[in-house]
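Reading through the structure tokens given below for one structure.
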Amino acid sequence: MNKKTIITALFAVAAMAGQAQNQASIQGIVQPEVKTVYVFRDLSFRNPDSITVTNGRWEYRPAAIPMFQGLCIFMSDKAYKQQDLDGFAAAVNDTIPSFVDLTEGTVTGSKVSVAMNKTVKGLLACMKNNTKEEAFRIMRKAVMDNLDSMLPLVFVPMIADGLSFGDLQRIFYSGAPYADQPRMEGAKERLALLSGQYVRSIGKPFIDFAMNDTIGNEHRLSEWCGKGHYVLVDFWASWCGPCRAEMPNVSACYEKYHPKGFDIVAISFDSKKDAWLRAINNMKMPWIHLSDLAGWESIAATTYGIKSIPANILLDDEGKIVDIDLRGDVLDMRLEEIFKDK
């Protein structure tokens with residue numbers, strides 16, 4: 001996600017669709033000297049409506065328009081004249097009242113408005129700093145924290161390609177209010193594609209098999225999986241460029257979460273032992289390594305339906321699958337969710 005994509009994401013916030021709602025009012029406060037608060041419908045900050053301020057207080061009653069076409073960007077006349085693009089607050093005119101404090105740039109009341117304000121502010125900061133990874137994190141958090149609302153309709157289409165299978169399964173839970181919206185079709189197609197790997201569906205128990213370690217001793221997955229720790233079973237090979245590119249991130253996660261109860265069992269699709277051992281040593285991978293040195297004929301490929309690598313499954317402490325194919329920042333974000341209270 002580059003700077004242009006972040007800007008596109010910001011403007012797409014105002015391009016949402018849904019059913020007509022009876023909107024609640026949005027009230028707020030602003031500095032006492034302010035006479036007018038402007039309301040913008042998108043982040044172009046053009047063609048605003050205006051609200052008269054009385055003793056630092058104001059109220060906005062939006063017309064009944066389709067749900068989530070109701071993005072409101074509030075800014076004081078003072079901030080507008082000074083072109084202070086940090087002096088705003090964002091809300092959504094849904095059915096729950098919101099309160100906007102323009103002296104602090106905060107929003108309370110509607111959960112969706114609170115999330116929208118935080119997300120839009122975060123994305124603007126990412127646009128200034130061109131921090132694409134942080135932009136993804138911000139949008140993913142907004143989605144996963146608001147699955148009971150229409151907010152995922154805004155951001156899921158923009159980050160679907162980076163979401164894990166587990167993320168998509170949680171997003172499209174039974175009864176999700178946004179599931180049938182046209183904007184979600186691409187994400188649903190990705191979920192359907194990933195769902196074809198049925199042996200790795202969320203909630204299924206791991207399937208045990210035996211392989212040798214780096215010195216030729218036989219081990220089974222069950223020696224580590226289902227033993228009280230979260231385990232990432234990581235499918236890779238020394239000849240796989242994308243696998244090697246992932247290893248610094250995997251190593252960082254191992255170092256960060258291993259003391260909290262996180263293990264990795266790496267399953268190699270190598271066929272040459274020397275190359276396998278050399279890669280482990282060169283990339284300093286201090287976790288468990290197993291392989292039958294059978295390449296794509298590996299028992300791991302047939303057992304778990306692995307047709308491309310890198311691939312992985314994340315197992316909970318009971319040995320049940322909680323997520324798959326976690327790559328890049330998504331692996332760290334998922335582990336952070338799991339271990340935040342541990």
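Naming scheme: A, B, ... for chains in displayed order of the structure tokens; residues 1 onward per chain; ligands 1 onward as shown.
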
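The environment of Glu318 of chain A within 10 Å, counting only C-alpha atoms and disregarding residues fewer than 3 places along the same chain, consists of A:Pro205, A:Phe206, A:Cys225, A:Gly226, A:Lys227, A:Gly228, A:His229, A:Tyr230, A:Val231, A:Leu315, A:Ile321.
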
Test item: residues at most 12 Å from segment 50-62 of chain A, only C-alpha atoms, excluding those fewer than 4 positions along its chain, as a count of residues only: 46

Selection near Glu104 of chain A, 9 Å with only C-alpha atoms, sequence-local residues under 6 positions removed, as number ranges by chain: A: 30, 87-89

Same residues, all heavy atoms, output as a compact mmCIF listing (two decimals), in the first residue's frame:
```txt
# COMPACT_ATOMS: atom_id res chain seq x y z
N VAL A 30 -16.85 23.52 20.74
CA VAL A 30 -15.71 24.09 20.04
C VAL A 30 -15.24 25.29 20.86
O VAL A 30 -15.90 25.68 21.84
CB VAL A 30 -16.12 24.51 18.60
CG1 VAL A 30 -17.07 25.69 18.62
CG2 VAL A 30 -14.92 24.74 17.71
N GLY A 87 -6.96 19.85 12.61
CA GLY A 87 -8.00 20.38 13.49
C GLY A 87 -9.38 19.94 13.09
O GLY A 87 -10.27 20.78 12.84
N PHE A 88 -9.61 18.64 13.01
CA PHE A 88 -10.92 18.15 12.60
C PHE A 88 -11.30 16.93 13.44
O PHE A 88 -10.48 16.36 14.18
CB PHE A 88 -10.92 17.76 11.12
CG PHE A 88 -10.22 16.46 10.82
CD1 PHE A 88 -10.92 15.27 10.83
CD2 PHE A 88 -8.87 16.43 10.55
CE1 PHE A 88 -10.28 14.06 10.59
CE2 PHE A 88 -8.22 15.23 10.31
CZ PHE A 88 -8.93 14.04 10.32
N ALA A 89 -12.53 16.53 13.33
CA ALA A 89 -12.99 15.27 13.90
C ALA A 89 -13.97 14.64 12.91
O ALA A 89 -14.72 15.35 12.23
CB ALA A 89 -13.67 15.48 15.25
```

Which of segment 57-121 of chain A counts as alpha helix (DSSP H) under DSSP, as a ChimeraX atom specification please? /A:77-81,111-121

Judged by only C-alpha atoms, the minimum distance to Met283 of chain A among A:Ser44, A:Ser174, A:Asn249, A:Thr119 is found for A:Asn249
